[in-house]
>>> print(open('coords_33.cif').read())   # mmCIF, C-alpha atoms
data_final
loop_
_atom_site.label_atom_id
_atom_site.label_comp_id
_atom_site.auth_asym_id
_atom_site.auth_seq_id
_atom_site.Cartn_x
_atom_site.Cartn_y
_atom_site.Cartn_z
CA MET A 1 118.07 -2.19 106.10
CA ALA A 2 118.24 1.57 105.55
CA MET A 3 120.47 2.05 108.60
CA HIS A 4 122.78 -0.74 107.46
CA LEU A 5 123.08 0.69 103.94
CA LEU A 6 123.70 4.21 105.24
CA GLN A 7 126.38 2.96 107.61
CA TYR A 8 128.15 0.35 105.48
CA ASP A 9 127.15 0.74 101.83
CA ARG A 10 126.23 4.27 100.83
CA PRO A 11 126.71 3.52 97.09
CA GLY A 12 124.37 0.55 97.53
CA ALA A 13 121.83 2.84 99.19
CA ALA A 14 122.03 5.18 96.19
CA ARG A 15 121.51 2.28 93.76
CA LEU A 16 118.53 1.06 95.78
CA ALA A 17 117.01 4.55 95.85
CA GLN A 18 117.44 4.86 92.08
CA ALA A 19 115.91 1.42 91.48
CA LEU A 20 112.90 2.24 93.68
CA GLY A 21 112.42 5.56 91.89
CA SER A 22 112.50 3.78 88.55
CA ALA A 23 110.01 1.16 89.76
CA LEU A 24 107.62 3.86 90.98
CA ALA A 25 107.84 5.60 87.62
CA HIS A 26 107.52 2.54 85.37
CA ILE A 27 105.55 -0.17 87.17
CA CYS A 28 101.75 -0.14 87.07
CA HIS A 29 98.97 -2.70 87.53
CA CYS A 30 97.98 -5.04 84.70
CA VAL A 31 94.54 -3.96 83.51
CA ARG A 32 93.38 -7.55 83.38
CA CYS A 33 94.84 -9.39 86.38
CA ASN A 34 95.91 -6.50 88.65
CA THR A 35 99.48 -7.75 89.18
CA PHE A 36 102.50 -5.49 88.84
CA SER A 37 103.56 -4.93 85.25
CA GLU A 38 105.76 -2.70 83.12
CA THR A 39 103.08 -2.74 80.41
CA GLU A 40 99.32 -2.23 80.39
CA LEU A 41 98.84 -5.99 79.95
CA CYS A 42 101.30 -8.23 81.80
CA PRO A 43 103.15 -10.99 79.88
CA LEU A 44 101.03 -13.79 81.40
CA CYS A 45 97.73 -12.15 80.40
CA ALA A 46 99.13 -11.41 76.94
CA SER A 47 100.23 -15.02 76.39
CA GLU A 48 98.11 -17.13 74.05
CA LYS A 49 99.55 -20.27 75.68
CA ARG A 50 97.61 -19.74 78.92
CA ASP A 51 94.22 -21.39 79.51
CA PRO A 52 91.63 -18.57 79.79
CA GLN A 53 89.09 -20.91 81.38
CA LEU A 54 91.18 -21.24 84.57
CA LEU A 55 91.53 -18.27 86.89
CA CYS A 56 93.68 -18.51 90.02
CA VAL A 57 92.94 -15.86 92.64
CA VAL A 58 95.91 -14.93 94.84
CA GLU A 59 96.50 -12.26 97.47
CA THR A 60 99.80 -10.80 96.23
CA PRO A 61 102.17 -10.77 93.25
CA ALA A 62 104.60 -12.80 95.41
CA ASP A 63 101.94 -15.53 95.75
CA GLN A 64 101.46 -15.49 91.97
CA LEU A 65 105.21 -15.84 91.47
CA MET A 66 105.37 -18.83 93.81
CA ILE A 67 102.62 -20.63 91.88
CA GLU A 68 104.36 -19.83 88.59
CA GLN A 69 107.59 -21.32 89.92
CA THR A 70 105.87 -24.71 90.28
CA HIS A 71 105.54 -24.88 86.45
CA THR A 72 102.28 -26.80 86.92
CA TYR A 73 99.60 -24.13 86.51
CA LYS A 74 98.81 -22.97 82.96
CA GLY A 75 95.80 -20.73 83.54
CA LEU A 76 95.50 -17.01 84.24
CA TYR A 77 95.45 -15.04 87.50
CA PHE A 78 93.73 -12.30 89.41
CA VAL A 79 95.81 -10.63 92.12
CA LEU A 80 93.75 -9.10 94.92
CA MET A 81 96.60 -7.01 96.36
CA GLY A 82 95.44 -7.91 99.84
CA ARG A 83 92.86 -9.88 101.80
CA ILE A 84 89.69 -9.11 103.72
CA SER A 85 90.58 -7.98 107.24
CA PRO A 86 87.73 -6.20 109.05
CA LEU A 87 89.97 -5.39 112.03
CA ASP A 88 92.25 -3.45 109.69
CA GLY A 89 89.35 -1.81 107.84
CA ILE A 90 89.92 -3.85 104.68
CA GLY A 91 86.77 -5.09 103.02
CA PRO A 92 85.78 -6.39 99.57
CA ARG A 93 86.13 -2.95 97.95
CA GLU A 94 89.75 -2.54 99.08
CA ILE A 95 90.83 -5.84 97.54
CA HIS A 96 89.24 -5.16 94.16
CA LEU A 97 86.49 -7.79 94.30
CA ASP A 98 84.46 -5.60 91.93
CA ARG A 99 87.23 -5.94 89.32
CA LEU A 100 87.36 -9.70 89.89
CA MET A 101 83.59 -9.99 89.34
CA LYS A 102 83.84 -7.95 86.13
CA ARG A 103 86.74 -10.11 84.95
CA VAL A 104 84.77 -13.29 85.56
CA ASP A 105 81.68 -11.89 83.82
CA ASP A 106 83.62 -10.58 80.80
CA ASP A 107 85.94 -13.53 80.15
CA LYS A 108 85.69 -17.24 79.35
CA VAL A 109 86.38 -18.32 82.94
CA ARG A 110 84.94 -21.74 83.87
CA GLU A 111 86.89 -22.50 87.05
CA ILE A 112 88.13 -20.30 89.87
CA ILE A 113 91.00 -21.62 91.98
CA LEU A 114 91.09 -19.85 95.33
CA ALA A 115 94.75 -19.66 96.33
CA THR A 116 94.54 -17.28 99.24
CA ASN A 117 96.65 -17.93 102.31
CA PHE A 118 95.48 -20.28 105.05
CA THR A 119 95.21 -17.49 107.64
CA HIS A 120 91.94 -16.29 109.17
CA GLU A 121 91.91 -13.38 106.73
CA GLY A 122 92.77 -15.60 103.75
CA GLU A 123 90.01 -18.03 104.68
CA ALA A 124 87.51 -15.17 105.05
CA THR A 125 88.56 -13.83 101.66
CA ALA A 126 88.20 -17.26 100.00
CA HIS A 127 84.80 -17.72 101.62
CA ALA A 128 83.55 -14.30 100.47
CA ILE A 129 84.71 -14.92 96.91
CA SER A 130 83.17 -18.41 96.83
CA GLU A 131 79.85 -17.03 98.10
CA ILE A 132 79.75 -14.32 95.43
CA LEU A 133 80.99 -16.44 92.53
CA GLY A 134 79.06 -19.54 93.54
CA GLN A 135 75.92 -17.86 92.25
CA ARG A 136 77.41 -17.61 88.74
CA GLY A 137 77.54 -21.36 88.07
CA LEU A 138 81.33 -21.54 88.03
CA LYS A 139 83.41 -24.41 89.33
CA ILE A 140 85.19 -23.13 92.43
CA SER A 141 88.10 -24.96 94.02
CA ARG A 142 90.49 -24.23 96.88
CA LEU A 143 94.13 -25.16 97.21
CA ALA A 144 94.62 -28.35 99.20
CA ARG A 145 96.48 -28.21 102.47
CA GLY A 146 98.10 -30.70 104.72
CA VAL A 147 101.37 -32.50 105.26
CA PRO A 148 104.19 -31.03 103.16
CA ALA A 149 105.92 -33.22 100.58
CA GLY A 150 108.85 -34.93 102.26
CA GLY A 151 107.45 -34.08 105.71
CA GLU A 152 107.57 -36.50 108.61
CA LEU A 153 104.40 -36.81 110.66
CA GLU A 154 106.14 -36.49 114.01
CA TYR A 155 107.26 -32.95 113.06
CA VAL A 156 103.95 -31.70 111.61
CA ASP A 157 101.84 -29.49 113.87
CA GLY A 158 98.50 -30.86 115.07
CA GLY A 159 96.35 -28.38 113.15
CA THR A 160 98.02 -29.23 109.84
CA LEU A 161 97.74 -32.95 110.50
CA ALA A 162 94.05 -32.63 111.44
CA GLN A 163 93.37 -30.68 108.23
CA ALA A 164 95.22 -33.31 106.18
CA LEU A 165 93.05 -36.04 107.69
CA ARG A 166 89.83 -34.11 106.99
CA GLU A 167 90.83 -33.36 103.38
CA ARG A 168 92.36 -36.74 102.56
CA ARG A 169 91.90 -38.18 99.06
CA HIS A 170 91.08 -41.76 98.22
CA TYR A 171 93.24 -43.65 95.75
CA GLY A 172 91.83 -43.57 92.25
CA GLU A 173 90.25 -40.12 92.54
#
>>> encode(input="coords_33.cif", output="C-alpha cells")
Amino acid sequence: MAMHLLQYDRPGAARLAQALGSALAHICHCVRCNTFSETELCPLCASEKRDPQLLCVVETPADQLMIEQTHTYKGLYFVLMGRISPLDGIGPREIHLDRLMKRVDDDKVREIILATNFTHEGEATAHAISEILGQRGLKISRLARGVPAGGELEYVDGGTLAQALRERRHYGE
C-alpha cells in the first residue's frame, strides 16, 4: 500500500500519515473493556442501555465491531487484543486475562459469551477463559458454529458440516 501511495497518490500518502499520527496521539484503550477509544470510557461501556450482566469476550476491536453490526447483542464487551498462542510466545498475561478476571469480579456479570475465533488459538483462548471463569459460578457460553445462513450443504467444507451436526439444536429449545 505504501509503495502504491508513494508512486500514484502522494497527497493521499500525506493524508494517511496525518491520520495515523492523529490516531496515535488521541486513541487509547477503554479502561473498562480494553477496546480502542477516544475517551477513557468508550461509548458502549458508558451507555446505560447496555445489559451489564452480559459480557462478550472477543479477540479484537474488529470482532467487536462485527458483533455490533448484527444489532442483536445488547450486553457489554471485553476485548483481549489477541489470543493465546504459545508458539508465538503469547500467553494469558499478554492478552490481559488478569484485567478480564478483575472486570468479572468487580461488575454485575452473570454470563460470559466467548466469541473468540474458531482457530486453534481461539479455541485454546476460549478453553483457558472457561476454565478460569468456570470456578466463579458464572454462566459461560460459546458462539455456535456450523452451516452459514443461506449456505448450501454441497458447498460447505466437511469440518464445518461435522461441527454443525455435533452442535445441532432440537426444535423447541
>>> closest_residue(input="coords_33.cif", among="A:Tyr8, A:Leu80, A:His120, A:His29", to="Asp98 (chain A)", atoms="all atoms listed in the file")
A:Leu80
>>> residues_around(input="coords_33.cif", residues="Leu44 (chain A)", least_positions_apart="5", cutoff="9 Å", atoms="all atoms listed in the file", output="PyMOL selection string")
chain A and resi 49-50+75-77
>>> axis_aligned_box(input="coords_33.cif", around="region 125-137 of chain A", padding_each_side="8 Å", output="AutoDock Vina command-line options")
--center_x 82.2 --center_y -17.6 --center_z 94.9 --size_x 28.6 --size_y 23.5 --size_z 29.6
>>> resolve_selection(input="coords_33.cif", expression="the PyMOL selection byres ((chain A and resi 137) around 12)", output="PyMOL selection string")
chain A and resi 104-105+109-112+130-136+138-140
>>> residues_around(input="coords_33.cif", residues="His96 (chain A)", least_positions_apart="5", cutoff="10 Å", atoms="all atoms listed in the file", output="PyMOL selection string")
chain A and resi 34+78-83+91+101
>>> write_last_selection(input="coords_33.cif", atoms="C-alpha atoms", output="tab-separated table (two decimals), keeping the file's coordinate frame")
chain	number	residue	atom	x	y	z
A	34	ASN	CA	95.91	-6.50	88.65
A	78	PHE	CA	93.73	-12.30	89.41
A	79	VAL	CA	95.81	-10.63	92.12
A	80	LEU	CA	93.75	-9.10	94.92
A	81	MET	CA	96.60	-7.01	96.36
A	82	GLY	CA	95.44	-7.91	99.84
A	83	ARG	CA	92.86	-9.88	101.80
A	91	GLY	CA	86.77	-5.09	103.02
A	101	MET	CA	83.59	-9.99	89.34
>>> closest_residue(input="coords_33.cif", among="A:Leu114, A:Ala124, A:Leu161, A:Leu20", to="Pro92 (chain A)", atoms="all atoms listed in the file")
A:Ala124
